[in-house]
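Presented below is the structure to which this report refers.
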Amino acid sequence: MRAMILAAGRGERMRPLTDTLPKPLLRVGGEPLIVWHIRRLVAAGIRDIVINHAWLGDRIEAALGAGADFDAHLRYSPETQALETAGGIAHALPQLGDAPFLVVNGDVWCDWNPAAARAQASRLEAAGGQAWLLLVDNPTHHPEGDFHLLEDGTLGATAGPRLTYAGIGVYHPSLFAGLPPGTPARLAPLLVDAIGRGTVHGARHGGTWVDVGTPQRLAELDAMLTHKANGTQ
């Protein structure tokens with residue numbers, strides 16, 4: 001199974017930290033944020049990883065190389081302009097293949113085990129599904145949530161209380177088939193359309209998840225990981 005880490009964002013809310021360093025290379029718990037993703041994917045047996053980039057992307061490639069230091073095979077999908085989530089995925093499809101693949105936002109931290117992605121990919125193919133999303137309880141900075149998780153595991157866009165999309169999902173290439181390569185496109189409209197067709201499933205993750213969107217959250221995550229590494233509370 002292949003995976004993609006989304007790393008093309010400018011990180012405006014992280015400025016001035018991201019003026020000279022791309023957001024995925026900001027360090028938490030002693031390592032760049034993106035390295036946490038790579039190590040977790042490799043531990044789950046997912047070594048073929050595509051990373052898109054735009055802002056200071058050469059810094060990302062220089063820091064990570066081809067992935068030998070992580071026992072991974074890293075490939076890159078450069079964007080001359082940030083293509084947003086769906087556009088970036090569509091641009092990278094030639095490197096992701098024809099089977100469902102895992103996508104992880106580069107600016108989240110989560111203790112979900114990516115090994116579970118294989119089973120979800122198999123279910124998507126068997127059921128003709130187009131997406132499976134990991135959902136979490138709504139954080140204080142996003143109290144309205146994104147999607148309603150139905151009892152049968154399918155998603156709804158409006159009815160009932162909603163959960164927040166964790167920035168981690170398994171996608172079938174067909175979800176992006178209608179997007180012209182190199183064109184910016186948001187993911188949410190594609191998901192809403194697919195939810196209307198009943199082709200999106202999901203599950204709630206009750207573990208640790210952090211949207212590393214501000215310097216304060218970056219500092220809080222760094223403190224949490226450092227305390228864990230030191231065996232303190």
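Just remember, in the structure tokens the first chain shown is A, the second B, etc., residues are 1-based per chain, and ligands are 1-based in the order shown.
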
Sorted by chain and rising residue number, which residues of segment 90-109 of chain A lie within 10 Å of segment 150-168 of chain A, and what are their closest atom pairs and distances in Å to one decimal, counting only C-alpha atoms, as a Markdown table?
| residue | atom | partner | partner_atom | distance |
| --- | --- | --- | --- | --- |
| A:Leu102 | CA | A:Ile168 | CA | 7.4 |
| A:Val103 | CA | A:Ile168 | CA | 5.7 |
| A:Val104 | CA | A:Ile168 | CA | 4.6 |
| A:Asn105 | CA | A:Gly167 | CA | 5.1 |
| A:Gly106 | CA | A:Gly167 | CA | 8.5 |
| A:Asp107 | CA | A:Gly167 | CA | 8.6 |
| A:Val108 | CA | A:Gly167 | CA | 7.1 |
| A:Trp109 | CA | A:Ala166 | CA | 9.3 |

Exercise. Would you list, as JSON, numbers by chain, the residues of segment 129-178 of chain A that end up in helix (DSSP H, G or I) under DSSP run on this structure's backbone?
Key: {"A": [173, 174, 175, 176]}

Quiz prompt | Exercise: Gly178 of chain A partners within 12 Å, only C-alpha atoms, chain neighbours under 2 positions left out, as a PyMOL selection string | solution = chain A and resi 86-87+90-91+173-176+180-181+183+185+190

Quiz item: segment 48-63 of chain A: which residues within 8 Å, counting only C-alpha atoms, same-chain residues fewer than 4 positions away excluded, as a ChimeraX atom specification?
Solution: /A:1-10,20-22,24-25,72-82,88,92,95-96

For those residues, write N, CA, C and O atoms to a file as a compact mmCIF listing (two decimals), in the first residue's frame.
# COMPACT_ATOMS: atom_id res chain seq x y z
N MET A 1 0.84 -1.19 0.00
CA MET A 1 0.00 0.00 0.00
C MET A 1 0.88 1.24 0.00
O MET A 1 1.93 1.28 0.64
N ARG A 2 0.44 2.28 -0.72
CA ARG A 2 1.18 3.53 -0.78
C ARG A 2 0.50 4.59 0.08
O ARG A 2 -0.69 4.50 0.38
N ALA A 3 1.28 5.58 0.46
CA ALA A 3 0.76 6.67 1.29
C ALA A 3 1.25 7.99 0.72
O ALA A 3 2.26 8.06 0.02
N MET A 4 0.51 9.04 1.06
CA MET A 4 0.90 10.39 0.68
C MET A 4 0.84 11.29 1.91
O MET A 4 -0.13 11.23 2.67
N ILE A 5 1.87 12.08 2.10
CA ILE A 5 1.88 13.09 3.17
C ILE A 5 1.72 14.45 2.51
O ILE A 5 2.51 14.82 1.64
N LEU A 6 0.71 15.19 2.93
CA LEU A 6 0.46 16.52 2.37
C LEU A 6 1.33 17.54 3.08
O LEU A 6 1.20 17.76 4.28
N ALA A 7 2.23 18.17 2.32
CA ALA A 7 3.22 19.06 2.94
C ALA A 7 3.43 20.34 2.13
O ALA A 7 4.50 20.95 2.18
N ALA A 8 2.40 20.75 1.39
CA ALA A 8 2.57 21.88 0.47
C ALA A 8 2.08 23.21 1.03
O ALA A 8 2.23 24.24 0.39
N GLY A 9 1.49 23.20 2.22
CA GLY A 9 0.91 24.43 2.75
C GLY A 9 1.96 25.47 3.13
O GLY A 9 3.09 25.14 3.50
N ARG A 10 1.54 26.73 3.09
CA ARG A 10 2.44 27.84 3.43
C ARG A 10 2.61 27.99 4.93
O ARG A 10 3.64 28.49 5.40
N THR A 20 11.13 30.90 7.02
CA THR A 20 12.39 30.33 6.52
C THR A 20 12.45 28.81 6.62
O THR A 20 13.43 28.21 6.21
N LEU A 21 11.39 28.20 7.15
CA LEU A 21 11.37 26.74 7.30
C LEU A 21 9.97 26.24 6.97
O LEU A 21 8.99 26.77 7.50
N PRO A 22 9.84 25.25 6.10
CA PRO A 22 8.51 24.73 5.80
C PRO A 22 7.89 24.09 7.04
O PRO A 22 8.59 23.48 7.86
N PRO A 24 6.26 21.39 7.76
CA PRO A 24 6.51 19.99 8.12
C PRO A 24 7.85 19.74 8.80
O PRO A 24 8.05 18.69 9.42
N LEU A 25 8.79 20.69 8.69
CA LEU A 25 10.10 20.51 9.31
C LEU A 25 10.18 21.15 10.69
O LEU A 25 11.23 21.05 11.35
N ALA A 72 12.51 3.91 4.29
CA ALA A 72 11.35 4.23 3.47
C ALA A 72 11.79 4.55 2.05
O ALA A 72 12.96 4.84 1.79
N HIS A 73 10.85 4.50 1.12
CA HIS A 73 11.08 4.94 -0.25
C HIS A 73 10.27 6.21 -0.46
O HIS A 73 9.04 6.16 -0.64
N LEU A 74 10.93 7.36 -0.38
CA LEU A 74 10.25 8.64 -0.50
C LEU A 74 10.34 9.16 -1.93
O LEU A 74 11.40 9.16 -2.54
N ARG A 75 9.19 9.62 -2.43
CA ARG A 75 9.13 10.31 -3.71
C ARG A 75 8.41 11.63 -3.51
O ARG A 75 7.64 11.78 -2.55
N TYR A 76 8.64 12.55 -4.42
CA TYR A 76 8.14 13.90 -4.22
C TYR A 76 7.25 14.33 -5.39
O TYR A 76 7.46 13.93 -6.54
N SER A 77 6.27 15.16 -5.03
CA SER A 77 5.35 15.71 -6.02
C SER A 77 5.38 17.23 -5.88
O SER A 77 4.58 17.83 -5.16
N PRO A 78 6.33 17.89 -6.56
CA PRO A 78 6.47 19.34 -6.43
C PRO A 78 5.30 20.08 -7.08
O PRO A 78 4.76 19.65 -8.11
N GLU A 79 4.92 21.19 -6.47
CA GLU A 79 3.87 22.05 -7.01
C GLU A 79 4.42 23.47 -7.12
O GLU A 79 4.92 24.01 -6.14
N THR A 80 4.33 24.04 -8.31
CA THR A 80 4.82 25.41 -8.48
C THR A 80 3.95 26.40 -7.73
O THR A 80 4.42 27.45 -7.29
N GLN A 81 2.67 26.07 -7.58
CA GLN A 81 1.77 26.79 -6.70
C GLN A 81 1.02 25.74 -5.89
O GLN A 81 0.79 24.63 -6.36
N ALA A 82 0.69 26.07 -4.64
CA ALA A 82 -0.04 25.11 -3.82
C ALA A 82 -1.40 24.80 -4.46
O ALA A 82 -2.17 25.71 -4.79
N GLY A 88 -3.67 18.73 -4.99
CA GLY A 88 -2.37 18.13 -4.74
C GLY A 88 -2.39 16.62 -4.87
O GLY A 88 -1.46 16.01 -5.41
N ALA A 92 -0.56 14.14 -7.82
CA ALA A 92 0.34 13.04 -7.44
C ALA A 92 -0.18 11.67 -7.85
O ALA A 92 0.52 10.66 -7.64
N GLN A 95 1.93 8.78 -9.25
CA GLN A 95 2.86 8.13 -8.34
C GLN A 95 2.16 7.26 -7.28
O GLN A 95 2.82 6.51 -6.57
N LEU A 96 0.84 7.39 -7.21
CA LEU A 96 0.10 6.68 -6.17
C LEU A 96 -0.53 5.39 -6.66
O LEU A 96 -0.96 4.55 -5.85

Quiz prompt | Close residues, Gln130 of chain A itself excluded, 9 Å, only C-alpha atoms, min 6 positions apart in chain, as a PyMOL selection string | solution = chain A and resi 100+124+170-175+191+194+199-201

Quick one: residues within 10 Å of Leu221 of chain A, only C-alpha atoms, excluding same-chain residues fewer than 2 positions away - as a short mmCIF file (atom, residue, chain, number, x, y, z; two decimals) with all heavy atoms, in the first residue's frame?
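Dumped to result_7.cif:
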data_model
loop_
_atom_site.label_atom_id
_atom_site.label_comp_id
_atom_site.auth_asym_id
_atom_site.auth_seq_id
_atom_site.Cartn_x
_atom_site.Cartn_y
_atom_site.Cartn_z
N ARG A 27 9.97 21.25 14.53
CA ARG A 27 10.28 20.13 15.41
C ARG A 27 9.34 20.06 16.60
O ARG A 27 8.98 21.06 17.23
CB ARG A 27 11.72 20.23 15.89
CG ARG A 27 12.74 20.20 14.76
CD ARG A 27 14.16 20.35 15.27
NE ARG A 27 14.66 19.12 15.87
CZ ARG A 27 15.21 18.12 15.18
NH1 ARG A 27 15.35 18.21 13.86
NH2 ARG A 27 15.65 17.04 15.79
N VAL A 28 8.93 18.82 16.92
CA VAL A 28 8.16 18.53 18.13
C VAL A 28 8.74 17.25 18.73
O VAL A 28 9.03 16.30 18.02
CB VAL A 28 6.65 18.34 17.85
CG1 VAL A 28 5.99 19.65 17.50
CG2 VAL A 28 6.41 17.31 16.76
N GLY A 29 8.95 17.24 20.03
CA GLY A 29 9.49 16.05 20.67
C GLY A 29 10.83 15.63 20.11
O GLY A 29 11.16 14.44 20.11
N TRP A 109 -0.83 15.65 14.25
CA TRP A 109 -0.13 14.57 14.97
C TRP A 109 -1.20 13.68 15.56
O TRP A 109 -2.15 14.15 16.19
CB TRP A 109 0.75 15.13 16.08
CG TRP A 109 1.69 14.11 16.67
CD1 TRP A 109 2.99 13.92 16.34
CD2 TRP A 109 1.39 13.14 17.68
NE1 TRP A 109 3.53 12.89 17.07
CE2 TRP A 109 2.56 12.39 17.91
CE3 TRP A 109 0.26 12.83 18.42
CZ2 TRP A 109 2.63 11.34 18.83
CZ3 TRP A 109 0.31 11.78 19.33
CH2 TRP A 109 1.49 11.06 19.54
N TRP A 209 -5.00 13.32 19.17
CA TRP A 209 -4.94 13.97 17.87
C TRP A 209 -4.73 15.46 18.09
O TRP A 209 -5.39 16.05 18.95
CB TRP A 209 -6.23 13.74 17.08
CG TRP A 209 -6.30 14.49 15.78
CD1 TRP A 209 -5.76 14.12 14.58
CD2 TRP A 209 -6.96 15.76 15.54
NE1 TRP A 209 -6.05 15.06 13.61
CE2 TRP A 209 -6.77 16.08 14.19
CE3 TRP A 209 -7.68 16.63 16.35
CZ2 TRP A 209 -7.29 17.25 13.61
CZ3 TRP A 209 -8.18 17.80 15.79
CH2 TRP A 209 -7.99 18.09 14.43
N VAL A 210 -3.80 16.04 17.35
CA VAL A 210 -3.53 17.47 17.47
C VAL A 210 -3.44 18.07 16.08
O VAL A 210 -2.69 17.58 15.23
CB VAL A 210 -2.21 17.75 18.23
CG1 VAL A 210 -1.95 19.25 18.32
CG2 VAL A 210 -2.24 17.12 19.62
N ASP A 211 -4.21 19.12 15.85
CA ASP A 211 -4.08 19.93 14.64
C ASP A 211 -3.02 20.99 14.95
O ASP A 211 -3.26 21.94 15.68
CB ASP A 211 -5.41 20.58 14.30
CG ASP A 211 -5.32 21.58 13.15
OD1 ASP A 211 -4.25 21.64 12.51
OD2 ASP A 211 -6.31 22.29 12.92
N VAL A 212 -1.81 20.81 14.39
CA VAL A 212 -0.70 21.68 14.73
C VAL A 212 -0.78 22.94 13.87
O VAL A 212 0.04 23.15 12.97
CB VAL A 212 0.65 20.95 14.55
CG1 VAL A 212 1.78 21.74 15.21
CG2 VAL A 212 0.60 19.55 15.13
N PRO A 215 1.45 28.40 16.59
CA PRO A 215 2.64 28.24 17.44
C PRO A 215 2.30 27.72 18.83
O PRO A 215 3.07 26.94 19.41
CB PRO A 215 3.22 29.65 17.48
CG PRO A 215 2.80 30.28 16.19
CD PRO A 215 1.42 29.74 15.95
N GLN A 216 1.16 28.11 19.37
CA GLN A 216 0.78 27.64 20.69
C GLN A 216 0.54 26.12 20.68
O GLN A 216 1.01 25.41 21.58
CB GLN A 216 -0.49 28.34 21.18
CG GLN A 216 -0.96 27.87 22.55
CD GLN A 216 -2.24 28.55 23.00
OE1 GLN A 216 -2.70 29.50 22.39
NE2 GLN A 216 -2.83 28.06 24.07
N ARG A 217 -0.18 25.63 19.69
CA ARG A 217 -0.42 24.19 19.62
C ARG A 217 0.87 23.42 19.35
O ARG A 217 1.06 22.30 19.83
CB ARG A 217 -1.47 23.88 18.55
CG ARG A 217 -2.89 24.20 18.99
CD ARG A 217 -3.87 23.83 17.89
NE ARG A 217 -4.71 24.98 17.56
CZ ARG A 217 -5.23 25.19 16.37
NH1 ARG A 217 -4.97 24.35 15.37
NH2 ARG A 217 -5.99 26.25 16.16
N LEU A 218 1.76 24.01 18.56
CA LEU A 218 3.06 23.40 18.32
C LEU A 218 3.82 23.26 19.64
O LEU A 218 4.39 22.19 19.94
CB LEU A 218 3.87 24.25 17.34
CG LEU A 218 5.27 23.74 17.00
CD1 LEU A 218 5.19 22.55 16.04
CD2 LEU A 218 6.11 24.87 16.37
N ALA A 219 3.84 24.32 20.45
CA ALA A 219 4.53 24.29 21.73
C ALA A 219 3.89 23.28 22.69
O ALA A 219 4.60 22.55 23.42
CB ALA A 219 4.55 25.68 22.35
N ALA A 223 5.73 19.96 24.20
CA ALA A 223 5.81 19.69 25.64
C ALA A 223 5.26 18.30 25.97
O ALA A 223 5.84 17.55 26.76
CB ALA A 223 5.06 20.77 26.41
N MET A 224 4.13 17.93 25.34
CA MET A 224 3.52 16.63 25.61
C MET A 224 4.46 15.49 25.21
O MET A 224 4.68 14.54 25.96
CB MET A 224 2.21 16.51 24.85
CG MET A 224 1.48 15.19 25.08
SD MET A 224 0.08 14.93 23.95
CE MET A 224 0.95 14.45 22.43
N LEU A 225 5.02 15.59 24.01
CA LEU A 225 5.90 14.52 23.51
C LEU A 225 7.21 14.46 24.32
O LEU A 225 7.73 13.38 24.57
CB LEU A 225 6.19 14.72 22.04
CG LEU A 225 4.98 14.60 21.10
CD1 LEU A 225 5.36 14.94 19.67
CD2 LEU A 225 4.37 13.22 21.18
N THR A 226 7.72 15.61 24.70
CA THR A 226 8.93 15.65 25.51
C THR A 226 8.70 15.02 26.87
O THR A 226 9.53 14.23 27.36
CB THR A 226 9.43 17.09 25.68
OG1 THR A 226 9.70 17.64 24.37
CG2 THR A 226 10.70 17.14 26.51
N HIS A 227 7.56 15.31 27.47
CA HIS A 227 7.23 14.71 28.77
C HIS A 227 7.10 13.21 28.67
O HIS A 227 7.55 12.47 29.54
CB HIS A 227 5.94 15.32 29.31
CG HIS A 227 6.09 16.76 29.71
ND1 HIS A 227 5.00 17.58 29.95
CD2 HIS A 227 7.19 17.53 29.93
CE1 HIS A 227 5.43 18.79 30.29
NE2 HIS A 227 6.75 18.77 30.28
#

Exercise. Per DSSP on the backbone, filter segment 93-160 of chain A down to the residues in strand (DSSP E or B) and report them as a list in words.
Key: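 The strand (DSSP E or B) residues within segment 93-160 of chain A come out as Phe101, Leu102, Val103, Val104, Asn105, Val108, Trp109, Cys110, Ala131, Trp132, Leu133, Leu134, Leu135, Val136, Phe147, His148, Leu149, Thr154, Leu155 and Gly156 of chain A.
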
Quiz prompt | Separation of atom CA of His205 of chain A from atom CA of Trp112 of chain A in Å | solution =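 Spanning atom CA of Trp112 of chain A to atom CA of His205 of chain A is a straight-line distance of 7.2 Å.
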
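Shortest separation to Leu64 of chain A among A:Leu26, A:Ile34, A:Ile89, A:Ala229 occurs at residue A:Ile34, atoms counted being only C-alpha atoms.
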
Quiz item: What's the 9 Å shell around Ala44 of chain A, counting only C-alpha atoms, without same-chain residues fewer than 6 positions away, as a ChimeraX atom specification?
Solution: /A:113-116

Any chance you could export the current selection's N, CA and C atoms as a PDB file, in the first residue's frame?
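Output file result.pdb is given in full below:
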ATOM      1  N   ASN A 113      -3.010   4.044  14.416  1.00  0.00           N
ATOM      2  CA  ASN A 113      -2.073   3.112  13.781  1.00  0.00           C
ATOM      3  C   ASN A 113      -2.375   2.993  12.284  1.00  0.00           C
ATOM      4  N   PRO A 114      -1.461   3.430  11.408  1.00  0.00           N
ATOM      5  CA  PRO A 114      -1.719   3.352   9.962  1.00  0.00           C
ATOM      6  C   PRO A 114      -1.845   1.934   9.434  1.00  0.00           C
ATOM      7  N   ALA A 115      -1.457   0.944  10.224  1.00  0.00           N
ATOM      8  CA  ALA A 115      -1.610  -0.448   9.769  1.00  0.00           C
ATOM      9  C   ALA A 115      -3.076  -0.771   9.483  1.00  0.00           C
ATOM     10  N   ALA A 116      -3.993  -0.045  10.130  1.00  0.00           N
ATOM     11  CA  ALA A 116      -5.421  -0.285   9.911  1.00  0.00           C
ATOM     12  C   ALA A 116      -5.877   0.165   8.531  1.00  0.00           C
TER      13      ALA A 116
END

Exercise. Using atom CA of Leu133 of chain A and atom CA of Ile46 of chain A as the two end points, give the distance in Å to one decimal.
Key: 18.0 Å
